[in-house]
$ cat final.cif   # mmCIF, C-alpha atoms and all ligand atoms
data_query
#
loop_
_atom_site.label_atom_id
_atom_site.label_comp_id
_atom_site.auth_asym_id
_atom_site.auth_seq_id
_atom_site.Cartn_x
_atom_site.Cartn_y
_atom_site.Cartn_z
CA MET A 47 -29.02 40.99 -43.16
CA THR A 48 -29.06 37.63 -44.98
CA ARG A 49 -26.73 36.97 -47.87
CA THR A 50 -26.66 33.88 -50.09
CA LEU A 51 -24.27 33.30 -52.96
CA PHE A 52 -25.54 31.13 -55.81
CA ALA A 53 -22.28 30.29 -57.55
CA ASN A 54 -21.56 28.97 -61.05
CA ALA A 55 -24.84 29.69 -62.81
CA ALA A 56 -25.38 29.71 -66.57
CA LEU A 57 -27.45 32.75 -67.60
CA LYS A 58 -28.89 33.41 -71.03
CA GLY A 59 -26.98 36.12 -72.87
CA ARG A 60 -23.89 35.88 -70.66
CA ASP A 61 -20.64 34.17 -71.63
CA GLY A 62 -19.19 31.81 -69.05
CA LEU A 63 -20.61 31.14 -65.63
CA VAL A 64 -21.69 33.84 -63.21
CA ASP A 65 -22.24 34.12 -59.49
CA ILE A 66 -25.46 35.54 -58.11
CA LEU A 67 -25.38 37.36 -54.79
CA VAL A 68 -28.75 37.64 -53.06
CA GLU A 69 -29.16 40.03 -50.16
CA ASP A 70 -32.36 40.16 -48.12
CA GLY A 71 -34.43 38.64 -50.91
CA THR A 72 -33.09 40.91 -53.68
CA PHE A 73 -30.53 40.33 -56.44
CA LYS A 74 -27.56 42.36 -55.17
CA ALA A 75 -24.85 41.50 -57.69
CA ILE A 76 -24.63 39.23 -60.74
CA GLY A 77 -21.39 38.39 -62.54
CA ARG A 78 -18.15 36.46 -62.41
CA GLY A 79 -16.88 36.78 -58.83
CA ALA A 80 -19.92 38.80 -57.76
CA GLY A 81 -19.63 37.63 -54.17
CA ALA A 82 -15.85 38.07 -53.86
CA GLY A 83 -14.85 39.60 -50.55
CA VAL A 84 -18.42 39.68 -49.24
CA ALA A 85 -19.30 37.73 -46.10
CA VAL A 86 -22.17 35.40 -46.98
CA ASP A 87 -24.36 33.21 -44.79
CA ARG A 88 -24.43 30.42 -47.35
CA THR A 89 -22.92 29.46 -50.71
CA VAL A 90 -24.77 27.17 -53.11
CA ASP A 91 -22.84 25.69 -56.05
CA LEU A 92 -25.18 25.46 -59.04
CA GLY A 93 -22.59 23.50 -61.01
CA GLY A 94 -23.08 25.33 -64.32
CA ARG A 95 -26.80 24.77 -64.50
CA LEU A 96 -29.12 27.26 -66.19
CA VAL A 97 -30.84 29.91 -64.07
CA THR A 98 -33.94 31.57 -65.50
CA PRO A 99 -36.67 33.72 -64.04
CA PRO A 100 -39.64 31.58 -62.90
CA TYR A 101 -42.14 30.17 -65.36
CA CYS A 102 -45.30 32.20 -65.91
CA ASP A 103 -48.67 30.67 -66.67
CA PRO A 104 -50.64 33.65 -67.95
CA HIS A 105 -53.80 31.73 -68.91
CA ILE A 106 -55.47 28.99 -66.92
CA HIS A 107 -58.98 28.35 -65.63
CA LEU A 108 -58.38 27.40 -62.00
CA ASP A 109 -62.10 27.10 -61.23
CA TYR A 110 -62.43 24.30 -63.83
CA VAL A 111 -59.48 22.09 -62.88
CA PHE A 112 -59.96 18.36 -62.18
CA THR A 113 -63.58 18.27 -63.32
CA ALA A 114 -62.95 16.10 -66.41
CA LEU A 115 -63.69 12.79 -64.71
CA ASN A 116 -67.30 13.74 -63.97
CA PRO A 117 -69.18 11.56 -66.52
CA ALA A 118 -71.75 14.32 -67.06
CA ALA A 119 -68.94 16.64 -68.16
CA ALA A 120 -67.60 14.29 -70.85
CA ASN A 121 -66.89 16.15 -74.11
CA LYS A 122 -67.69 13.67 -76.89
CA THR A 123 -66.97 15.84 -79.91
CA GLY A 124 -63.80 17.33 -78.41
CA SER A 125 -64.89 20.79 -79.56
CA LEU A 126 -64.71 24.07 -77.69
CA PHE A 127 -68.46 24.54 -77.98
CA GLU A 128 -69.28 21.20 -76.43
CA GLY A 129 -66.82 22.01 -73.64
CA ILE A 130 -68.75 25.20 -72.87
CA GLN A 131 -72.06 23.30 -73.01
CA ARG A 132 -70.88 20.52 -70.66
CA TRP A 133 -69.47 23.07 -68.25
CA SER A 134 -72.71 25.04 -68.30
CA GLU A 135 -74.67 21.87 -67.44
CA THR A 136 -72.40 20.76 -64.62
CA LYS A 137 -71.11 23.94 -62.97
CA GLY A 138 -74.11 24.59 -60.75
CA GLY A 139 -73.91 23.77 -57.05
CA LEU A 140 -70.11 23.98 -56.67
CA SER A 141 -69.09 25.23 -53.25
CA LYS A 142 -66.42 27.81 -52.50
CA GLU A 143 -64.35 25.40 -50.41
CA GLU A 144 -64.48 22.69 -53.07
CA ILE A 145 -63.38 25.11 -55.80
CA LYS A 146 -60.57 26.39 -53.61
CA ALA A 147 -59.34 22.87 -52.85
CA ARG A 148 -59.11 21.98 -56.55
CA ALA A 149 -57.51 25.29 -57.50
CA ARG A 150 -54.99 25.00 -54.67
CA GLN A 151 -53.96 21.53 -55.88
CA ALA A 152 -53.52 22.84 -59.45
CA MET A 153 -51.41 25.74 -58.23
CA LYS A 154 -49.29 23.36 -56.20
CA GLN A 155 -48.64 21.23 -59.31
CA GLU A 156 -47.69 24.30 -61.33
CA ILE A 157 -45.43 25.76 -58.63
CA LEU A 158 -43.63 22.42 -58.23
CA THR A 159 -42.71 22.55 -61.91
CA GLY A 160 -41.27 26.08 -61.70
CA VAL A 161 -44.22 28.50 -61.97
CA GLN A 162 -44.39 31.57 -59.70
CA HIS A 163 -46.80 33.81 -61.64
CA ILE A 164 -50.31 32.74 -62.67
CA ARG A 165 -53.20 34.55 -64.32
CA THR A 166 -56.50 32.72 -64.03
CA HIS A 167 -59.83 33.25 -65.71
CA VAL A 168 -62.80 32.85 -63.38
CA ASP A 169 -66.26 32.18 -64.75
CA VAL A 170 -68.49 35.02 -63.56
CA THR A 171 -71.61 33.91 -65.43
CA ASP A 172 -72.96 32.78 -62.08
CA PRO A 173 -75.22 35.14 -60.12
CA ARG A 174 -73.65 34.00 -56.83
CA LEU A 175 -70.07 34.58 -58.07
CA THR A 176 -68.95 31.62 -55.96
CA ALA A 177 -65.81 30.84 -57.95
CA LEU A 178 -64.77 34.48 -57.88
CA GLN A 179 -65.01 34.56 -54.09
CA ALA A 180 -62.98 31.35 -53.92
CA MET A 181 -60.27 32.81 -56.13
CA LEU A 182 -60.11 36.16 -54.31
CA GLU A 183 -59.50 34.28 -51.06
CA LEU A 184 -56.93 32.02 -52.69
CA ARG A 185 -55.04 35.01 -54.17
CA GLU A 186 -54.55 36.30 -50.64
CA GLU A 187 -53.70 32.87 -49.21
CA VAL A 188 -50.93 32.11 -51.72
CA LYS A 189 -49.43 35.55 -52.19
CA ASP A 190 -46.06 34.80 -50.59
CA THR A 191 -45.62 31.74 -52.80
CA CYS A 192 -47.14 32.68 -56.13
CA ASP A 193 -48.65 35.79 -57.74
CA LEU A 194 -52.22 35.25 -58.87
CA GLN A 195 -54.04 37.61 -61.24
CA ILE A 196 -57.79 37.11 -61.62
CA ILE A 197 -59.83 37.77 -64.77
CA ALA A 198 -63.58 38.38 -64.56
CA PHE A 199 -64.42 36.00 -67.42
CA PRO A 200 -68.00 35.64 -68.68
CA GLN A 201 -67.70 32.05 -70.00
CA GLU A 202 -71.30 32.01 -71.29
CA GLY A 203 -71.13 35.51 -72.73
CA MET A 204 -71.62 39.12 -71.64
CA TYR A 205 -74.86 39.26 -73.64
CA ALA A 206 -75.60 35.61 -74.54
CA TYR A 207 -75.86 35.12 -70.75
CA LYS A 208 -78.48 37.42 -69.28
CA GLY A 209 -76.79 40.10 -67.19
CA GLY A 210 -73.31 38.81 -68.02
CA ASP A 211 -71.95 42.33 -68.51
CA GLU A 212 -73.24 43.36 -65.06
CA LEU A 213 -71.68 40.31 -63.43
CA VAL A 214 -68.33 41.21 -65.01
CA GLU A 215 -68.61 44.73 -63.60
CA GLU A 216 -69.60 43.41 -60.17
CA ALA A 217 -66.56 41.09 -60.22
CA LEU A 218 -64.27 44.04 -60.97
CA LYS A 219 -65.72 45.94 -58.04
CA MET A 220 -65.11 42.90 -55.84
CA GLY A 221 -61.42 42.87 -56.75
CA ALA A 222 -60.81 41.02 -60.02
CA ASP A 223 -57.65 42.34 -61.71
CA LEU A 224 -58.72 42.05 -65.33
CA VAL A 225 -61.73 42.24 -67.60
CA GLY A 226 -62.49 39.20 -69.79
CA ALA A 227 -64.84 38.55 -72.69
CA ILE A 228 -65.67 35.85 -75.23
CA PRO A 229 -66.89 37.63 -78.38
CA HIS A 230 -66.94 34.52 -80.65
CA PHE A 231 -69.49 32.93 -78.30
CA GLU A 232 -71.94 35.85 -78.34
CA PHE A 233 -75.08 35.29 -80.43
CA THR A 234 -74.26 37.82 -83.14
CA ARG A 235 -71.24 39.57 -84.56
CA GLU A 236 -72.70 42.85 -83.26
CA ASP A 237 -72.93 41.48 -79.72
CA GLY A 238 -69.36 40.23 -80.01
CA VAL A 239 -68.12 43.67 -81.04
CA LYS A 240 -70.17 45.23 -78.25
CA SER A 241 -68.61 42.87 -75.70
CA VAL A 242 -65.06 43.80 -76.72
CA ARG A 243 -65.90 47.52 -76.54
CA LYS A 244 -67.55 46.97 -73.16
CA ALA A 245 -64.44 45.19 -71.88
CA PHE A 246 -62.27 48.20 -72.73
CA GLU A 247 -64.81 50.64 -71.34
CA LEU A 248 -64.78 48.75 -68.02
CA ALA A 249 -60.98 48.48 -68.04
CA VAL A 250 -60.63 52.25 -68.37
CA LYS A 251 -63.37 52.93 -65.81
CA TYR A 252 -61.91 50.67 -63.13
CA ASP A 253 -58.22 50.91 -64.12
CA LYS A 254 -57.93 47.18 -64.89
CA MET A 255 -56.09 45.11 -67.48
CA VAL A 256 -57.91 43.26 -70.29
CA ASP A 257 -57.55 39.64 -71.44
CA ILE A 258 -60.08 38.40 -73.96
CA HIS A 259 -60.78 34.90 -75.25
CA CYS A 260 -60.70 36.07 -78.85
CA ASP A 261 -61.63 34.10 -81.97
CA GLU A 262 -61.14 30.64 -80.43
CA THR A 263 -62.65 29.03 -83.49
CA ASP A 264 -61.67 27.83 -86.97
CA ASP A 265 -64.24 30.22 -88.46
CA ASP A 266 -62.18 32.40 -90.79
CA GLN A 267 -64.93 35.04 -90.52
CA SER A 268 -64.34 35.50 -86.80
CA ARG A 269 -62.58 38.88 -86.73
CA PHE A 270 -62.89 40.20 -83.21
CA LEU A 271 -59.12 40.55 -82.91
CA GLU A 272 -59.20 43.65 -85.12
CA VAL A 273 -61.78 45.18 -82.77
CA LEU A 274 -59.68 44.29 -79.73
CA ALA A 275 -56.49 45.74 -81.24
CA ALA A 276 -58.25 48.91 -82.41
CA GLU A 277 -59.82 49.50 -78.98
CA ALA A 278 -56.47 48.83 -77.30
CA TYR A 279 -54.77 51.28 -79.63
CA ARG A 280 -57.39 54.00 -79.14
CA THR A 281 -57.60 53.70 -75.37
CA GLY A 282 -53.80 53.63 -75.03
CA ILE A 283 -53.79 50.58 -72.74
CA ALA A 284 -52.50 48.04 -75.26
CA GLU A 285 -49.53 46.95 -73.17
CA ARG A 286 -52.07 45.98 -70.51
CA ALA A 287 -54.24 44.17 -73.05
CA THR A 288 -54.08 40.57 -74.22
CA ALA A 289 -55.69 38.55 -76.97
CA SER A 290 -55.91 34.91 -75.91
CA HIS A 291 -56.17 32.00 -78.38
CA THR A 292 -56.82 33.97 -81.66
CA CYS A 293 -57.17 30.59 -83.40
CA ALA A 294 -59.15 32.00 -86.33
CA MET A 295 -55.99 33.82 -87.41
CA HIS A 296 -54.70 30.42 -88.48
CA SER A 297 -57.49 30.38 -91.08
CA TYR A 298 -57.49 34.01 -92.22
CA ASN A 299 -56.63 34.58 -95.86
CA ASN A 300 -53.15 36.02 -96.18
CA ALA A 301 -54.31 39.31 -97.69
CA TYR A 302 -56.44 39.99 -94.62
CA ALA A 303 -53.71 38.76 -92.27
CA TYR A 304 -51.26 41.16 -93.93
CA LYS A 305 -53.57 44.10 -93.33
CA LEU A 306 -54.30 42.95 -89.77
CA PHE A 307 -50.61 42.70 -88.88
CA ARG A 308 -50.17 46.44 -89.43
CA LEU A 309 -52.80 47.20 -86.81
CA LEU A 310 -51.40 44.56 -84.43
CA GLY A 311 -47.94 46.06 -84.75
CA LEU A 312 -49.26 49.56 -84.08
CA SER A 313 -51.30 48.44 -81.10
CA ARG A 314 -48.55 46.50 -79.22
CA ILE A 315 -51.06 44.13 -77.59
CA ASN A 316 -49.94 40.80 -76.12
CA PHE A 317 -50.86 37.35 -77.39
CA ILE A 318 -51.34 34.08 -75.56
CA SER A 319 -51.43 30.79 -77.39
CA CYS A 320 -52.48 27.57 -75.64
CA PRO A 321 -50.92 24.96 -77.93
CA THR A 322 -51.96 21.76 -76.19
CA GLU A 323 -55.62 22.79 -75.78
CA ASN A 324 -56.03 24.29 -79.22
CA ILE A 325 -54.36 21.44 -81.14
CA HIS A 326 -56.95 19.28 -79.35
CA LEU A 327 -60.04 21.53 -79.67
CA GLN A 328 -59.57 22.98 -83.15
CA GLY A 329 -59.95 21.25 -86.50
CA ARG A 330 -62.97 19.38 -85.11
CA PHE A 331 -65.24 20.38 -87.98
CA ASP A 332 -62.66 19.52 -90.65
CA ALA A 333 -62.38 16.35 -92.67
CA TYR A 334 -58.82 15.59 -93.77
CA PRO A 335 -56.69 17.63 -94.05
CA LYS A 336 -57.37 19.00 -90.55
CA ARG A 337 -56.23 22.45 -89.56
CA ARG A 338 -53.96 22.90 -86.55
CA GLY A 339 -55.91 25.93 -85.37
CA LEU A 340 -53.01 27.55 -83.57
CA THR A 341 -52.55 31.27 -84.01
CA ARG A 342 -49.60 32.48 -86.10
CA VAL A 343 -47.06 32.25 -83.29
CA LYS A 344 -43.99 32.24 -85.52
CA GLU A 345 -45.12 35.09 -87.78
CA LEU A 346 -46.31 37.29 -84.90
CA THR A 347 -43.03 36.71 -83.09
CA GLU A 348 -40.97 37.48 -86.19
CA ALA A 349 -42.99 40.67 -86.62
CA GLY A 350 -41.81 41.75 -83.17
CA MET A 351 -45.00 41.08 -81.24
CA ASN A 352 -45.16 39.59 -77.77
CA VAL A 353 -46.52 36.03 -77.89
CA CYS A 354 -46.37 33.61 -74.97
CA PHE A 355 -47.66 30.13 -74.17
CA ALA A 356 -50.03 29.00 -71.40
CA GLN A 357 -51.58 25.85 -69.95
CA ASP A 358 -55.28 26.83 -70.12
CA SER A 359 -56.71 23.53 -68.78
CA MET A 360 -55.89 20.90 -66.20
CA SER A 361 -58.42 18.09 -66.60
CA ASP A 362 -61.57 19.97 -67.47
CA PRO A 363 -64.37 19.50 -70.04
CA TRP A 364 -62.13 21.11 -72.68
CA TYR A 365 -58.86 19.20 -72.25
CA PRO A 366 -58.32 16.20 -69.98
CA VAL A 367 -54.54 15.94 -69.71
CA GLY A 368 -53.01 19.28 -68.69
CA SER A 369 -50.45 18.68 -65.95
CA GLY A 370 -49.45 22.27 -65.18
CA ASN A 371 -45.89 21.60 -66.35
CA LEU A 372 -45.18 24.37 -68.82
CA MET A 373 -42.23 22.49 -70.29
CA TYR A 374 -44.75 20.13 -71.94
CA VAL A 375 -46.77 23.09 -73.22
CA LEU A 376 -43.61 24.65 -74.64
CA ASP A 377 -42.60 21.36 -76.24
CA ALA A 378 -45.97 21.11 -78.01
CA GLY A 379 -45.96 24.79 -78.99
CA MET A 380 -42.53 24.70 -80.62
CA HIS A 381 -43.57 21.66 -82.68
CA ILE A 382 -46.99 22.88 -83.77
CA ALA A 383 -45.74 26.38 -84.63
CA GLN A 384 -42.77 24.87 -86.51
CA MET A 385 -40.16 26.84 -84.60
CA MET A 386 -37.29 24.39 -84.74
CA SER A 387 -34.26 26.38 -85.83
CA ILE A 388 -31.41 26.15 -83.33
CA GLU A 389 -31.86 29.86 -82.61
CA GLU A 390 -35.60 29.46 -82.02
CA LEU A 391 -34.96 26.53 -79.71
CA GLU A 392 -32.25 28.42 -77.82
CA ASN A 393 -34.84 31.19 -77.18
CA ALA A 394 -37.78 28.82 -76.59
CA LEU A 395 -37.88 29.27 -72.82
CA ASP A 396 -38.80 32.94 -73.37
CA PHE A 397 -42.31 31.78 -74.32
CA ILE A 398 -42.93 30.51 -70.78
CA THR A 399 -40.81 33.07 -68.93
CA VAL A 400 -40.15 36.65 -70.00
CA LYS A 401 -42.81 36.87 -72.72
CA GLY A 402 -45.37 35.61 -70.23
CA ALA A 403 -44.16 38.19 -67.72
CA ARG A 404 -44.56 40.96 -70.27
CA THR A 405 -48.14 39.82 -70.85
CA LEU A 406 -48.72 39.80 -67.09
CA ASN A 407 -47.33 43.35 -67.01
CA ILE A 408 -44.84 42.50 -64.24
CA LEU A 409 -41.54 43.22 -66.00
CA ASP A 410 -40.65 45.95 -63.47
CA ARG A 411 -40.17 43.23 -60.84
CA TYR A 412 -39.36 40.17 -62.97
CA GLY A 413 -36.01 38.92 -64.25
CA VAL A 414 -32.58 37.92 -63.00
CA GLU A 415 -31.28 41.48 -62.69
CA GLU A 416 -29.69 43.50 -59.92
CA GLY A 417 -32.24 45.30 -57.74
CA LYS A 418 -35.15 42.97 -58.57
CA PRO A 419 -36.72 40.41 -56.21
CA ALA A 420 -34.57 37.25 -56.14
CA ASN A 421 -37.11 34.99 -57.81
CA PHE A 422 -35.65 32.32 -60.09
CA ILE A 423 -35.56 28.65 -61.00
CA VAL A 424 -32.65 26.34 -61.77
CA LEU A 425 -33.06 23.95 -64.68
CA ASN A 426 -31.30 20.62 -65.04
CA ALA A 427 -29.57 21.81 -68.22
CA LYS A 428 -26.64 23.99 -69.21
CA SER A 429 -28.43 25.95 -71.96
CA GLY A 430 -31.90 26.81 -73.24
CA PHE A 431 -31.40 24.43 -76.16
CA GLU A 432 -30.47 21.54 -73.87
CA ALA A 433 -33.41 22.36 -71.60
CA ILE A 434 -36.02 21.98 -74.31
CA CYS A 435 -34.23 19.18 -76.15
CA ASN A 436 -34.29 17.04 -73.00
CA ARG A 437 -37.56 18.50 -71.60
CA VAL A 438 -35.69 18.90 -68.34
CA SER A 439 -37.20 19.24 -64.92
CA VAL A 440 -36.71 22.14 -62.51
CA ALA A 441 -34.14 21.49 -59.80
CA CYS A 442 -35.37 24.21 -57.48
CA SER A 443 -37.45 27.33 -57.25
CA VAL A 444 -36.32 30.36 -55.24
CA ARG A 445 -38.60 33.21 -54.21
CA ASN A 446 -37.34 36.33 -52.46
CA GLY A 447 -34.05 34.51 -51.96
CA GLU A 448 -35.62 31.52 -50.15
CA TYR A 449 -36.20 28.04 -51.54
CA LEU A 450 -39.82 27.21 -52.33
CA PHE A 451 -38.61 23.67 -52.99
CA GLU A 452 -35.60 21.63 -54.08
CA ARG A 453 -35.92 18.45 -56.11
CA ALA A 454 -33.42 15.69 -55.37
CA PRO A 455 -31.59 14.35 -58.44
CA GLU A 456 -33.16 11.29 -60.04
CA VAL A 457 -31.76 7.98 -58.75
CA ILE A 458 -31.43 5.10 -61.21
CA THR A 459 -30.67 1.57 -60.03
CA THR A 460 -29.14 -0.77 -62.61
CA ASP A 461 -26.50 -3.48 -63.11
CA ASN A 462 -26.51 -3.03 -66.90
CA PRO A 463 -23.01 -1.85 -67.92
CA LEU A 464 -24.38 0.38 -70.72
CA LEU A 465 -26.74 2.19 -68.36
CA LYS A 466 -24.29 2.56 -65.49
CA GLY A 467 -22.45 5.77 -64.65
N1 LIG B 501 -63.14 28.06 -71.87
C1 LIG B 501 -62.98 28.52 -73.13
O1 LIG B 501 -63.80 29.33 -73.60
N2 LIG B 501 -61.92 28.12 -73.85
C2 LIG B 501 -61.03 27.25 -73.35
N3 LIG B 501 -59.99 26.87 -74.09
C3 LIG B 501 -61.21 26.75 -72.04
C4 LIG B 501 -62.28 27.18 -71.33
C5 LIG B 501 -60.24 25.76 -71.46
FE FE2 B 502 -59.03 29.70 -71.91
#

$ encode --input "final.cif" --output "structure tokens"
Amino acid sequence: MTRTLFANAALKGRDGLVDILVEDGTFKAIGRGAGAGVAVDRTVDLGGRLVTPPYCDPHIHLDYVFTALNPAAANKTGSLFEGIQRWSETKGGLSKEEIKARARQAMKQEILTGVQHIRTHVDVTDPRLTALQAMLELREEVKDTCDLQIIAFPQEGMYAYKGGDELVEEALKMGADLVGAIPHFEFTREDGVKSVRKAFELAVKYDKMVDIHCDETDDDQSRFLEVLAAEAYRTGIAERATASHTCAMHSYNNAYAYKLFRLLGLSRINFISCPTENIHLQGRFDAYPKRRGLTRVKELTEAGMNVCFAQDSMSDPWYPVGSGNLMYVLDAGMHIAQMMSIEELENALDFITVKGARTLNILDRYGVEEGKPANFIVLNAKSGFEAICNRVSVACSVRNGEYLFERAPEVITTDNPLLKG
């Protein structure tokens, strides 16, 4: 039996500092003096720093990462639609090993900034399904370090791409965890509706989750979210269903949004917003004033719905400067969504931790709670507010009671009396 005591931790929702006793990779006891009288192999003094469950990135495209510097992939308009076009023109001929190497590097960057749970879309509009094979192998390779969920995502459409729906189904049979779709990219509204219905049909048939790129456009007429929520409600799998992006909601008239919110509340679906990508990709057809194009994060949250943030891109034809550090994503999201009350900032980390975990449907094994796997990170801050205010780094990441990494404190060399000490 191995026992480690992580002493003097700050935990959200708890007054004072607590001690965390980990036994054989599981949280055994949490509280003031939790390890008292117990023989431990090691004691680590956390010095009052904040412990949170690991960051979750519930929406990234690992098959696209680090492709932005290919001149043929350059996105001159900065729009979503040009991103899809450039990807379509350049994606052919990628090899499994090359895709894996890029995806592995991206995962490494994310893990080193505190992530332990990732959900990736994989483009299955490719008759060879090369990227899917790469990602299935990677999921197995990394499983002790990071959970990886895979979405069968038809980037060029289930119907706009010939046989796209069949490729999605094939990918599910091969082991993808979720069904994806992109209704706003289908040729017609009818095809878009059909693709959402198809996604739910496949999810029920193969017992998979659903995560749809939904209304990633400033077109206020793009209303596939209502179809998604209605299907989720009817099939009874809403807690396993996610609407990603939902940018058009930014532009809906308020009378329609009011009506829509009733259905969203009934359905209990999850939402993912990608603030850095969508502040960059949306508003591209506007003259001034330019819309932000982010979904209604604040209003959805206040209405009790589960909204989380995600990275989406790391240097791809859509967005060149994603680093995989969710603290930057959170920073952008809190600004763009205008969530700057002290209370909102104190709770901000939820958008990249527990709300992401709810979306990933892993809450039964996620969280700093007795009996759960001892997965957590330590932030260089004493509170959630301080963490986001100073955009702090992650001091260490622990998985099943073992360190994935520790980061040495920053060393500053100076003779300047103001900067010393
Ligand atoms: N593909 C897509 O449809 N939308 C995005 N934001 C990215 C890829 C990054
Ligand atoms: Fe995406």

$ closest_residue --input "final.cif" --among "A:Ala403, A:Val111, A:Val250, A:Val188" --to "ligand LIG 501 (chain B)" --atoms "all atoms listed in the file"
A:Val111

$ atom_distance --input "final.cif" --atom1 "atom CA of Ile318 of chain A" --atom2 "atom CA of Phe73 of chain A"
28.9 Å

$ residues_around --input "final.cif" --residues "segment 80-86 of chain A" --least-positions-apart "5" --cutoff "8 Å" --atoms "all atoms listed in the file" --output "PyMOL selection string"
chain A and resi 48-51+64-67+75

$ atom_distance --input "final.cif" --atom1 "atom CA of Gly238 of chain A" --atom2 "atom CA of Ala289 of chain A"
14.1 Å

$ residues_near_ligand --input "final.cif" --ligand "ligand FE2 502 (chain B)" --cutoff "8 Å" --atoms "only C-alpha atoms and all ligand atoms" --output "list in words"
His105, Ile106, His107, His167, His259, Ser290, His291, Cys320, Asp358 and Ser359 of chain A

$ closest_residue --input "final.cif" --among "A:Glu216, A:Glu323, A:Asp103, A:Glu135" --to "ligand LIG 501 (chain B)" --atoms "all atoms listed in the file"
A:Glu323

$ closest_residue --input "final.cif" --among "A:Glu212, A:Asp172, A:Asp253, A:Asp109" --to "ligand LIG 501 (chain B)" --atoms "all atoms listed in the file"
A:Asp109

$ residues_around --input "final.cif" --residues "Tyr298 of chain A" --least-positions-apart "6" --cutoff "10 Å" --atoms "all atoms listed in the file" --output "list in words"
Asp264, Asp265, Asp266, Gln267, Ser268, Arg269, Tyr304, Leu306 and Thr341 of chain A

$ atom_distance --input "final.cif" --atom1 "atom CA of Leu175 of chain A" --atom2 "atom CA of Lys142 of chain A"
9.5 Å

$ axis_aligned_box --input "final.cif" --around "segment 262-271 of chain A" --padding-each-side "3 Å" --output "AutoDock Vina command-line options"
--center_x -62.0 --center_y 34.2 --center_z -85.6 --size_x 11.8 --size_y 18.7 --size_z 16.4

$ residues_around --input "final.cif" --residues "Asn426 of chain A" --least-positions-apart "6" --cutoff "8 Å" --atoms "only C-alpha atoms" --output "compact mmCIF listing (two decimals) with C-alpha atoms, in the frame of the given file"
# COMPACT_ATOMS: atom_id res chain seq x y z
CA ARG A 95 -26.80 24.77 -64.50
CA LEU A 96 -29.12 27.26 -66.19
CA ALA A 433 -33.41 22.36 -71.60
CA VAL A 438 -35.69 18.90 -68.34
CA SER A 439 -37.20 19.24 -64.92
CA VAL A 440 -36.71 22.14 -62.51
CA ALA A 441 -34.14 21.49 -59.80

$ closest_residue --input "final.cif" --among "A:Ala198, A:Ser361, A:Gly329, A:Leu274" --to "Arg148 of chain A" --atoms "all atoms listed in the file"
A:Ser361

$ closest_residue --input "final.cif" --among "A:Leu108, A:Pro419, A:Leu213, A:Ala275" --to "Gln155 of chain A" --atoms "only C-alpha atoms"
A:Leu108

$ residues_near_ligand --input "final.cif" --ligand "ligand LIG 501 (chain B)" --cutoff "10 Å" --atoms "all atoms listed in the file" --output "NGL selection string"
:A and (105-108 or 110-111 or 125-127 or 129-130 or 133 or 167-169 or 199-203 or 227-228 or 230-231 or 258-263 or 290-291 or 319-320 or 322-324 or 326-328 or 357-366)
